[in-house]
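**Q** Sharing a structure, written as structure tokens. Questions coming.
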Amino acid sequence: MAKELTTRAQDYSQWYNDLVIKGELADYSAVRGCMVIKPYGYALWENMRDVLDKMFKDTGHQNAYFPLFVPKSLFEAEEKNAEGFAKECAVVTHYRLIADPNNKGKLMVDPEAKLEEELIVRPTSEAIIWNTYKTWIQSYRDLPILVNQWANVVRWEMRTRLFLRTAEFLWQEGHTAHATSVEAIAETKQMLQVYADFVENWMAVPVIKGVKTANERFAGAEDTYCIEALMQDGKALQAGTSHFLGQNFAKAFDVKFSDQNNKQEYVWATSWGVSTRLIGGLVMTHSDDEGLVLPPRIAPIQVVIVPIFKGEEQKQVLDEKVGELVKSFKAAGIRVKYDNSDHARPGWKFAEYELKGVPIRIAIGARDLENQQVELARRDTKEKFSVAMEGLTQTVENLLVEIQANLFERAKNYRDEHITKADTWDEFLNILDNKTGFVLAHWDGTAETEDKIKELAKATIRCIPLDNPLENGKCILTGNASTQRVLFARAY
RNA sequence: CGGGAAGUAGCGCAGUCCGGUAGCGUACCUGGUUUGGGACCAGGUGGUCGCAGGUUCGAAUCCUGUCUUCCCGACCA
């Protein structure tokens with residue numbers, strides 16, 4: 001029978017969970033806060049990863065891999081970074097289990113096997129990487145170092161949510177080392193642009209690029225740049241960050257180089273990352289009450305073909321005809337699935353692939369063969385229409401491009417309609433409570449005011465948008481002078 | 001971590017108050033009829049009732065502890 005989905009209007013959180021689980025992206029596991037990413041969800045991640053990986057390599061980066069564990073003494077070297085992450089670290093204290101003498105068949109931690117020094121399971125890898133870079137860098141000729149790693153990290157979050165905030169998650173983290181501040185800042189901005197390009201052009205999720213306030217900055221960074229997306233419930237999601245780390249880590253780990261004049265200088269650093277959280281953002285940007293809606297460029301299956309037949313004879317005729325179509329699609333680089341399984345009827349398959357967000361469905365039966373046509377259905381608009389078999393591959397290719405563009409356009413319209421200017425505190429609250437979305441408002445630039453607004457309105461400054469227009473105004477809370485509006489929202 | 005809810009067959013649930021042979025729907029298996037929007041008939045398979053203790057002649061049910069999940073908060077570089 002039907003897989004019942006909660007609708008967005010009924011319960012947005014439950015709708016999201018239903019989609020992730022029933023759409024077979026991921027599932028809960030026996031481990032607190034950790035999820036199992038299922039094959040369909042992992043295929044989506046692989047597509048995203050492959051595109052990003054190519055973008056990183058095209059901008060001169062190489063992949064490497066660093067250890068999962070960070071010795072506590074290294075972890076604590078950069079004070080702000082350590083302090084920021086300390087309260088959510090998993091810590092390894094022992095290296096052996098033994099049979100429990102008081103509890104048959106059970107194991108216990110061997111008290112004799114305590115580590116000399118605790119190992120921190122990485123919540124991020126700056127420490128272990130900068131400790132390594134120290135041995136890689138002597139001269140300006142060793143710079144820049146442009147390295148990325150694909151890895152898992154662990155952050156012991158209080159409350160977890162599938163993809164959006166899990167205790168363990170997959171991500172990439174770029175860590176670069178430069179001779180000058182100018183070059184490092186350029187790298188930080190370049191990678192922010194790479195993220196924005198990827199998220200907008202491949203995931204069809206519009207983002208606002210900006211810089212974080214001091215309060216929201218990455219622990220140990222001089223500046224944190226970010227891309228912010230807007231979900232369908234009007235809440236913001238930080239989709240990626242790129243940090244200019246200054247010389248903080250170089251100083252903490254004593255990483256110096258000799259410049260052209262043989263003068264010793266500290267190295268300048270950046271780090272940048274996106275994670276499986278992007279999948280959560282993708283789901284909440286495009287999907288609807290019938291299920292997932294995936295953008296064609298990263299969808300694991302772009303086209304599904306469902307045969308409609310009476311009896312084995314008809315099926316064989318269809319198998320043959322569809323075989324040709326599949327071959328032609330694959331030759332054009334289209335990810336296609338032909339579902340001629342006999343255990344489910346067409347109606348069931350239609351619903352199933354809608355739930356899974358497959359962009360295009362093609363139904364083909366005896367009637368279509370006669371008329372030399374197929375029935376095409378778009379997931380994004382739910383439209384169905386008959387098209388000629390002749391030139392079908394081209395038709396599908398064009399439609400995939402159109403769907404991709406439509407999803408972005410739709411999301412962008414929603415996002416743009418939900419950027420509202422507020423000039424008074426009442427207006428500000430009213431927008432957050434009722435219209436929801438981003439609010440552009442004046443802020444006096446102090447951390448105290450920012451904290452107070454967060455406390456009173458549960459909204460944070462998502463970023464100060466890049467190329468933000470200057471405009472004199474009064475802080476929405478204190479009435480103090482302000483030179484620009486900043487972007488507020490309630491956020492995930 | 002605070003408040004609330006939940007965990008019984010793959011999934012969704014009833015049974016728990018008031019202890020006495022574990023049930024329903026769906027899925028799955030077999031056979032048949034079907035197939036243009038989640039098919040129908042018939043016959044079957046499948047569960048240490050989250051886990052660990054305790055009370056009792058007897059525990060899904062009562063008691064204690066613990067793990068996991070969801071919702072609302074706090075937290076979220």
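In the structure tokens, each chain is lettered A, B, ... as it comes, each chain's residues begin at 1, and ligands are numbered from 1 in order of appearance.
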Find the residues of chain B in contact range of chain A, meaning any atom within 9 Å when counting only C-alpha atoms (C1' of nucleotides), and list them as a ChimeraX atom specification.
**A** /B:1,26-27,34-39,67-71,75-77
**Q** Using only C-alpha atoms (C1' of nucleotides), determine which residues lie at most 12 Å from Thr135 in chain A, disregarding the query and same-chain residues fewer than 3 positions distant; provide the list as a PDB file with N, CA, C and O atoms, in the first residue's frame.
**A**
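Dumped to around00.pdb:
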```pdb
ATOM      1  N   ILE A 128      45.771  18.661  13.445  1.00  0.00           N
ATOM      2  CA  ILE A 128      46.660  17.604  12.966  1.00  0.00           C
ATOM      3  C   ILE A 128      47.327  18.012  11.652  1.00  0.00           C
ATOM      4  O   ILE A 128      48.491  17.696  11.392  1.00  0.00           O
ATOM      5  N   ILE A 129      46.609  18.757  10.836  1.00  0.00           N
ATOM      6  CA  ILE A 129      47.158  19.164   9.540  1.00  0.00           C
ATOM      7  C   ILE A 129      48.250  20.213   9.710  1.00  0.00           C
ATOM      8  O   ILE A 129      49.317  20.120   9.098  1.00  0.00           O
ATOM      9  N   TRP A 130      48.025  21.192  10.566  1.00  0.00           N
ATOM     10  CA  TRP A 130      49.054  22.219  10.743  1.00  0.00           C
ATOM     11  C   TRP A 130      50.284  21.671  11.455  1.00  0.00           C
ATOM     12  O   TRP A 130      51.407  22.103  11.195  1.00  0.00           O
ATOM     13  N   ASN A 131      50.072  20.693  12.293  1.00  0.00           N
ATOM     14  CA  ASN A 131      51.223  20.037  12.910  1.00  0.00           C
ATOM     15  C   ASN A 131      52.044  19.315  11.842  1.00  0.00           C
ATOM     16  O   ASN A 131      53.266  19.236  11.925  1.00  0.00           O
ATOM     17  N   THR A 132      51.361  18.821  10.819  1.00  0.00           N
ATOM     18  CA  THR A 132      52.047  18.153   9.711  1.00  0.00           C
ATOM     19  C   THR A 132      52.705  19.177   8.775  1.00  0.00           C
ATOM     20  O   THR A 132      53.839  18.987   8.335  1.00  0.00           O
ATOM     21  N   GLN A 138      59.461  24.913   4.631  1.00  0.00           N
ATOM     22  CA  GLN A 138      60.660  25.602   5.098  1.00  0.00           C
ATOM     23  C   GLN A 138      60.839  26.934   4.371  1.00  0.00           C
ATOM     24  O   GLN A 138      61.225  27.929   4.950  1.00  0.00           O
ATOM     25  N   SER A 139      60.539  26.891   3.056  1.00  0.00           N
ATOM     26  CA  SER A 139      60.846  28.032   2.203  1.00  0.00           C
ATOM     27  C   SER A 139      59.600  28.531   1.503  1.00  0.00           C
ATOM     28  O   SER A 139      58.603  27.824   1.395  1.00  0.00           O
ATOM     29  N   ASP A 142      58.085  26.293  -0.959  1.00  0.00           N
ATOM     30  CA  ASP A 142      57.176  25.197  -0.569  1.00  0.00           C
ATOM     31  C   ASP A 142      55.709  25.643  -0.598  1.00  0.00           C
ATOM     32  O   ASP A 142      54.805  24.823  -0.391  1.00  0.00           O
ATOM     33  N   ALA A 250      49.530  28.916  12.189  1.00  0.00           N
ATOM     34  CA  ALA A 250      50.978  28.925  11.968  1.00  0.00           C
ATOM     35  C   ALA A 250      51.689  29.258  13.279  1.00  0.00           C
ATOM     36  O   ALA A 250      52.705  28.651  13.628  1.00  0.00           O
ATOM     37  N   PHE A 253      51.343  26.355  15.831  1.00  0.00           N
ATOM     38  CA  PHE A 253      52.139  25.163  15.507  1.00  0.00           C
ATOM     39  C   PHE A 253      53.536  25.522  15.014  1.00  0.00           C
ATOM     40  O   PHE A 253      54.271  24.664  14.535  1.00  0.00           O
ATOM     41  N   ASP A 254      53.871  26.809  15.140  1.00  0.00           N
ATOM     42  CA  ASP A 254      55.196  27.292  14.776  1.00  0.00           C
ATOM     43  C   ASP A 254      55.575  26.909  13.342  1.00  0.00           C
ATOM     44  O   ASP A 254      56.582  26.244  13.107  1.00  0.00           O
ATOM     45  N   VAL A 255      54.726  27.306  12.420  1.00  0.00           N
ATOM     46  CA  VAL A 255      55.003  27.017  11.017  1.00  0.00           C
ATOM     47  C   VAL A 255      55.499  28.289  10.344  1.00  0.00           C
ATOM     48  O   VAL A 255      54.740  29.217  10.083  1.00  0.00           O
ATOM     49  N   LYS A 256      56.824  28.330  10.098  1.00  0.00           N
ATOM     50  CA  LYS A 256      57.456  29.511   9.494  1.00  0.00           C
ATOM     51  C   LYS A 256      58.127  29.136   8.185  1.00  0.00           C
ATOM     52  O   LYS A 256      58.445  27.967   7.951  1.00  0.00           O
ATOM     53  N   PHE A 257      58.324  30.119   7.349  1.00  0.00           N
ATOM     54  CA  PHE A 257      59.065  29.886   6.105  1.00  0.00           C
ATOM     55  C   PHE A 257      60.058  31.026   5.881  1.00  0.00           C
ATOM     56  O   PHE A 257      59.861  32.128   6.402  1.00  0.00           O
TER      57      PHE A 257
END
```
**Q** Using only C-alpha atoms (C1' of nucleotides), determine which residues lie at most 12 Å from Ile301 in chain A, disregarding the query and same-chain residues fewer than 6 positions distant; provide the list as a ChimeraX atom specification.
**A** /A:40-41,43-44,47,293-295,329-330,333-339,353-354,356-361,400
**Q** Env of His418 in chain A: 10 Å cut, atoms = only C-alpha atoms (C1' of nucleotides), seq-sep filter 3 positions within chain, self excluded. Answer as a list of chain:residue names.
**A**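 Contacts, with the query itself left out: A:Leu230, A:Gln232, A:Gly234, A:Lys412, A:Asn413, A:Tyr414, A:Arg415, A:Lys421, A:Ile431, A:Lys435, A:Thr436, A:Gly437, A:Phe438, A:Val439.
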**Q** Would you put the residues from that selection into a file with N, CA and C atoms, as a CSV table (one decimal), in the first residue's frame?
**A**
```
chain,number,residue,atom,x,y,z
A,230,LEU,N,17.9,29.4,1.9
A,230,LEU,CA,16.6,29.5,2.6
A,230,LEU,C,15.8,28.2,2.3
A,232,GLN,N,12.2,25.8,2.8
A,232,GLN,CA,10.8,26.1,2.5
A,232,GLN,C,10.0,26.5,3.7
A,234,GLY,N,11.1,28.7,5.7
A,234,GLY,CA,11.5,30.1,6.0
A,234,GLY,C,12.7,30.2,6.9
A,412,LYS,N,14.7,30.3,-6.3
A,412,LYS,CA,15.2,31.7,-6.2
A,412,LYS,C,14.0,32.7,-6.0
A,413,ASN,N,12.9,32.4,-6.7
A,413,ASN,CA,11.8,33.3,-6.5
A,413,ASN,C,11.3,33.2,-5.1
A,414,TYR,N,11.2,32.0,-4.6
A,414,TYR,CA,10.8,31.8,-3.2
A,414,TYR,C,11.7,32.6,-2.2
A,415,ARG,N,13.0,32.4,-2.5
A,415,ARG,CA,14.0,33.0,-1.6
A,415,ARG,C,13.9,34.5,-1.7
A,421,LYS,N,12.8,43.8,4.2
A,421,LYS,CA,13.5,44.8,5.0
A,421,LYS,C,12.6,45.2,6.2
A,431,ILE,N,7.8,39.9,10.9
A,431,ILE,CA,8.3,39.2,9.7
A,431,ILE,C,8.8,37.8,10.1
A,435,LYS,N,5.8,36.0,8.2
A,435,LYS,CA,6.2,35.8,6.8
A,435,LYS,C,7.4,34.8,6.7
A,436,THR,N,8.2,34.9,7.7
A,436,THR,CA,9.5,34.1,7.8
A,436,THR,C,10.5,34.5,6.8
A,437,GLY,N,11.6,33.8,6.8
A,437,GLY,CA,12.7,34.1,5.8
A,437,GLY,C,13.7,35.0,6.3
A,438,PHE,N,14.5,35.6,5.3
A,438,PHE,CA,15.6,36.5,5.7
A,438,PHE,C,15.0,37.9,6.0
A,439,VAL,N,15.6,38.6,6.9
A,439,VAL,CA,15.2,40.0,7.2
A,439,VAL,C,16.5,40.8,7.1
```
**Q** Do a neighbour search on Val109 in chain A at 12 Å with only C-alpha atoms (C1' of nucleotides), toss out local chain neighbours closer than 4 positions, and write the hits as a list in words.
**A**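 Skipping anything fewer than 4 positions along the chain leaves Val92, Thr93, His94, Tyr95, Arg96, Leu97, Ile98, Ala99, Asp100, Pro101, Ala113, Lys114 and Leu115 of chain A.
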**Q** Between CA of Phe75 in chain A and CA of Arg49 in chain A, what is the spacing in Å?
**A** 27.7 Å
**Q** Identify, on the basis of only C-alpha atoms (C1' of nucleotides), every residue whose closest approach to Leu170 in chain A does not exceed 10 Å; exclude the query and any residue fewer than 2 positions from it along the same chain; express the result as a count of residues only.
**A** 15
**Q** Which value, in Å to one decimal, gives the distance between CA of His286 in chain A and CA of Glu383 in chain A?
**A**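 For CA of His286 in chain A relative to CA of Glu383 in chain A, the distance reads 16.2 Å.
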**Q** Name the residues in contact with range 16-22 of chain B at a cut-off of 12 Å, using only C-alpha atoms (C1' of nucleotides), excluding same-chain residues fewer than 4 positions from it; report them as JSON, numbers by chain.
**A** {"B": [8, 9, 47, 49, 55, 56, 57, 58, 59, 60, 61, 62]}
**Q** Counting only C-alpha atoms, figure out which residue out of A:Gly246, A:Pro296, A:Pro469, A:Pro206 gets nearest to Ala229 in chain A.
**A**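 For Ala229 in chain A, the nearest of the candidates is A:Pro206.
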**Q** List every residue of range 308-450 of chain A that DSSP, applied to the backbone, labels as strand (DSSP E or B), and write the result as a list in words.
**A**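 Residues of range 308-450 of chain A classed as strand (DSSP E or B): Ile308, Val336, Lys337, Tyr338, Ile360, Arg361, Ile362, Ala363, Ile364, Gly365, Gln373, Val374, Glu375, Leu376, Ala377, Arg378, Lys384, Phe385, Ser386, Val387, Ala388, Ile419, Thr420, Lys421, Phe438, Val439, Leu440, Ala441 and His442 of chain A.
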**Q** Run DSSP on the backbone and give me the residues of range 31-97 of chain A it puts in alpha helix (DSSP H), as an MDAnalysis selection string.
**A** chainID A and resid 39:58 72:75 79:86
**Q** Please measure the separation of CA of Leu355 in chain A and CA of Gln10 in chain A, giving the value in Å to one decimal.
**A**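 That distance, rounded to one decimal, is 17.7 Å.
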**Q** Which is closest to Ile305 in chain A among A:Ala441, A:Val374, A:Glu24, A:His343, if we use only C-alpha atoms?
**A**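 The shortest atom-to-atom distance to Ile305 in chain A comes from A:Val374.
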**Q** With only C-alpha atoms (C1' of nucleotides) as the atoms that count, which of B:C24, B:C72, B:G50, B:U64 lies nearest to A5 in chain B?
**A** B:C72
